[in-house]
Every structure is written in C-alpha cells, then in structure tokens.
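Each remark here refers to the structure printed beneath this line.
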Amino acid sequence: MRRLNRKKTLSLVKELDAFPKVPESYVETSASGGTVSLIAFTTMALLTIMEFSVYQDTWMKYEYEVDKDFSSKLRINIDITVAMKCQYVGADVLDLAETMVASADGLVYEPTVFDLSPQQKEWQRMLQLIQSRLQEEHSLQDVIFKSAFKSASTALPPREDDSSQSPDACRIHGHLYVNKVAGNFHITVGKIDHLSFGELVPAIINPLDGTEKIAIDHNQMFQYFITVVPTKLHTYKISADTHQFSVTERERIINHAAGSHGVSGIFMKYDLSSLMVTVTEEHMPFWQFFVRLCGIVGGIFSTTGMLHGIGKFIVEIICCRFRLGSYKPVSSVPFEDGHTDNHLPLLENNTH
C-alpha cells in the first residue's frame with residue numbers, strides 16, 4: 001500500500017515537471033544551430049566579465065541634510081609661507097561674535113627659504129595640475145575621495161637639499177579651533193601651501209593647496225571669500241568628519257590717493273553653510289549581481305533561440321519558393337465549348 005502511494009506521489013510530481021527531458025534520439029543538431037550557440041556563449045562570457053568589473057567597482061553617494069551641530073568647534077588647518085622675517089609677521093582670527101583667537105596657541109612660526117627646492121616645485125606643479133583638472137572634470141572628486149589613505153600625503157614635502165642660504169621667509173603652519181560662525185583670518189602676504197577645515201584627511205585636495213601669489217606692490221591686498229560645507233566621509237578605507245569649501249578670490253593694490261583703501265595682507269573671510277553633506281562609498285550587493293547575471297544568461301538564450309528560429313523559418317520559405325519555381329506548368333487542353341482541361345491526359349490502351 002505504501003509503495004502504491006509512493007508511486008502515485010512520484011507520478012504526480014513528474015506531471016508537474018516544467019522542464020521535460022527530450023530523448024537524444026529526437027534531438028537534431030545543425031551547423032547553423034552550432035554557430036548561433038557559439039555566438040551566444042561568447043556573448044555571455046563577455047557580458048559576464050563586464051558585469052563582474054561593474055560589481056567590483058564602487059561609487060560615491062551624496063546625501064544632504066541640515067547641519068544641527070552648533071556647539072562644536074571648527075578646526076582650521078594652515079600652512080602658509082610668507083616672504084618676510086618671522087618677527088614681522090602676525091596672524092589672528094576674529095569671528096562675528098567678536099571673539100579673538102590667540103594664534104600662538106596652535107600655530108608655529110618657522111624661519112625658512114621662500115624659494116622651493118626642485119622636489120617641492122614638482123609637488124606644487126602636480127597640485128596645480130590637479131586643481132585645474134578638478135575645475136574641468138568634477139567627477140575626479142569621487143576618485144580623490146576613494147583614494148584616501150591609498151596615496152601619499154598632500155602636505156609640503158621637506159627640502160631635500162641642504163641650502164646654505166639664510167632664511168628669508170617665515171612658514172606659519174598648524175591648526176586653530178574657532179567657533180562655528182563666520183569669521184576672518186588675517187595674515188601678511190605670502191604663499192599658501194595648504195588651507196583646510198575640519199579633520200585632516202590624507203589625499204584630499206583642497207581648493208587653495210599649492211597656491212602661490214607674488215605681490216607686485218608693497219601695499220597689496222589678497223582676499224579670499226570662503227564658504228565652508230560640513231562633510232561626513234564614509235569610505236571602505238576611512239570614516240571622517242571633515243569640511244569642504246569653495247573659494248572666490250580677489251586682489252587689489254592699496255592706494256589711498258586713488259580711493260583704494262584697506263590694509264595690505266591676506267584676508268580669508270569664511271562662512272559656514274547650513275547644509276551638511278554625507279558622502280558614502282557604496283558597492284553593488286551580491287544578490288543584485290546574481291540577479292543581473294541570471295538575466296544576462298537567460299536573456300541571451302531566449303533571444304538567440306528566437307532569432308535562430310526566425311532565421312530558419314525565413315530560409316525555409318525562400319527555399320520552398322525556389323523549389324516551386326523550378327517546376328514548369330503543364331499546357332492546357334482546349335475543349336470545343338471553349339473550356340480548358342488542365343489535367344494530364346490518360347494513357348490509352350491500343351491493344352486489339
């Protein structure tokens with residue numbers, strides 16, 4: 001009884017089989033089918049390789065929200081070289097709350113030579129080249145984000161030559177913590193090697209990195225209007241709370257007689273954006289890659305099968321018409337009443 005029930009169950013399951021097997025004796029192969037199969041397998045292999053390269057790649061996702069953090073401090077990272085003696089150089093920060101930041105707490109005044117060494121000039125040239133490319137191709141910023149901790153630091157490299165020249169400039173470098181309100185950073189004219197806001201992130205290129213300005217007059221003002229955007233960076237290599245910024249620059253000569261008033265020096269007026277940007281590096285999940293791969297294989301099988309069937313059908317129609325056209329029609333036999341007989345004449349038996 002159990003064996004009978006088991007056979008009924010197996011027969012029922014066999015009837016539900018959506019993939020019936022065709023005996024090999026009923027399968028007919030052809031050269032055209034083999035050619036189409038070869039093309040299909042080659043296409044599947046190429047598309048699978050391309051899809052796997054897409055699966056390995058990552059992209060940056062940008063999300064925007066209102067910055068609700070007003071209590072924390074803003075870190076300003078500075079590296080500026082001024083063609084003046086350190087005893088004649090001063091730097092200070094004043095925000096809209098009339099709060100003066102003591103620059104001596106976080107900045108170092110280091111006597112140095114203003115002219116760069118060959119290695120430092122190459123570093124500056126590469127930075128300026130990257131800056132120009134970033135202005136033309138904004139998608140390079142994603143590459144820079146993903147390269148964090150993968151490449152060398154963007155800081156000014158030390159001098160590789162033992163210059164016997166006496167120091168004629170002052171390098172001001174370090175960091176300051178200010179309130180998260182608009183403010184003004186002031187310093188005497190010089191060369192900006194680095195300026196950034198927030199946590200230092202290696203391999204991130206900031207807009208003013210490698211900028212060099214040479215004053216053509218003793219009384220000249222350089223102004224930089226900076227908009228700082230809080231940024232949270234989450235990649236597979238680093239997670240950091242930093243800041244991006246955009247800058248607009250202006251320079252003019254101070255001439256009180258001509259109505260151009262002011263004080264010579266470098267003025268960086270910064271303001272914070274109310275929006276915060278979250279940059280996240282994302283990767284295609286495996287299940288999505290598997291579904292896309294199944295779609296490629298199934299789609300190619302179905303498409304090539306239909307194209308092969310349509311092509312075979314067209315060829316058969318053309319060949320059939322060609323065969324029909326090779327037969328000549330039989331001449332008709334006229335009757336006395338005007339009708340014609342298209343049938344073949346019967347053979348007569350003349351036997352007597």
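Labels for the structure tokens follow display order: chains A, B, ..., residues from 1 in each chain, ligands from 1.
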Which of segment 24-269 of chain A counts as strand (DSSP E) under DSSP, as a ChimeraX atom specification please? /A:58-66,73-82,91-95,100-101,107-112,169-179,183-187,191-198,211-212,220-234,239-253,265-269
Need the shell around Thr211 of chain A: protein/DNA/RNA residues with any atom at most 10 Å away, counting only C-alpha atoms. Skip same-chain ones fewer than 3 positions apart. Format as a list in words?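 Counting only the stated atoms, we get Ile80, Gln124, Arg125, Leu127, Gln128, Gln131, Gly190, Lys191, Ile192, Asp193, His194, Leu195, Pro207 and Leu208 of chain A.
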If you measure from atom CA of Leu233 of chain A to atom CA of Gln56 of chain A, what distance in Å do you get, rounded to one decimal?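 Between atom CA of Leu233 of chain A and atom CA of Gln56 of chain A the gap works out to 20.4 Å.
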Using only C-alpha atoms, which residues sit within 9 Å of Tyr109 of chain A once same-chain residues fewer than 3 positions away are excluded, as a list of chain:residue names? A:Cys86, A:Val89, A:Ala104, A:Cys170, A:Arg171, A:Ile172, A:His173
Considering only C-alpha atoms, state which residue in the set A:Gln119, A:Thr235, A:Asn179, A:Gln135 is at the smallest distance from Leu74 of chain A.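 Nearest to Leu74 of chain A: A:Asn179.
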Under the rule that only C-alpha atoms are counted, which of A:Ser30, A:Gln244, A:Ser53, A:Thr48 is the nearest residue to His283 of chain A?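 Smallest distance to His283 of chain A is found for A:Ser53.
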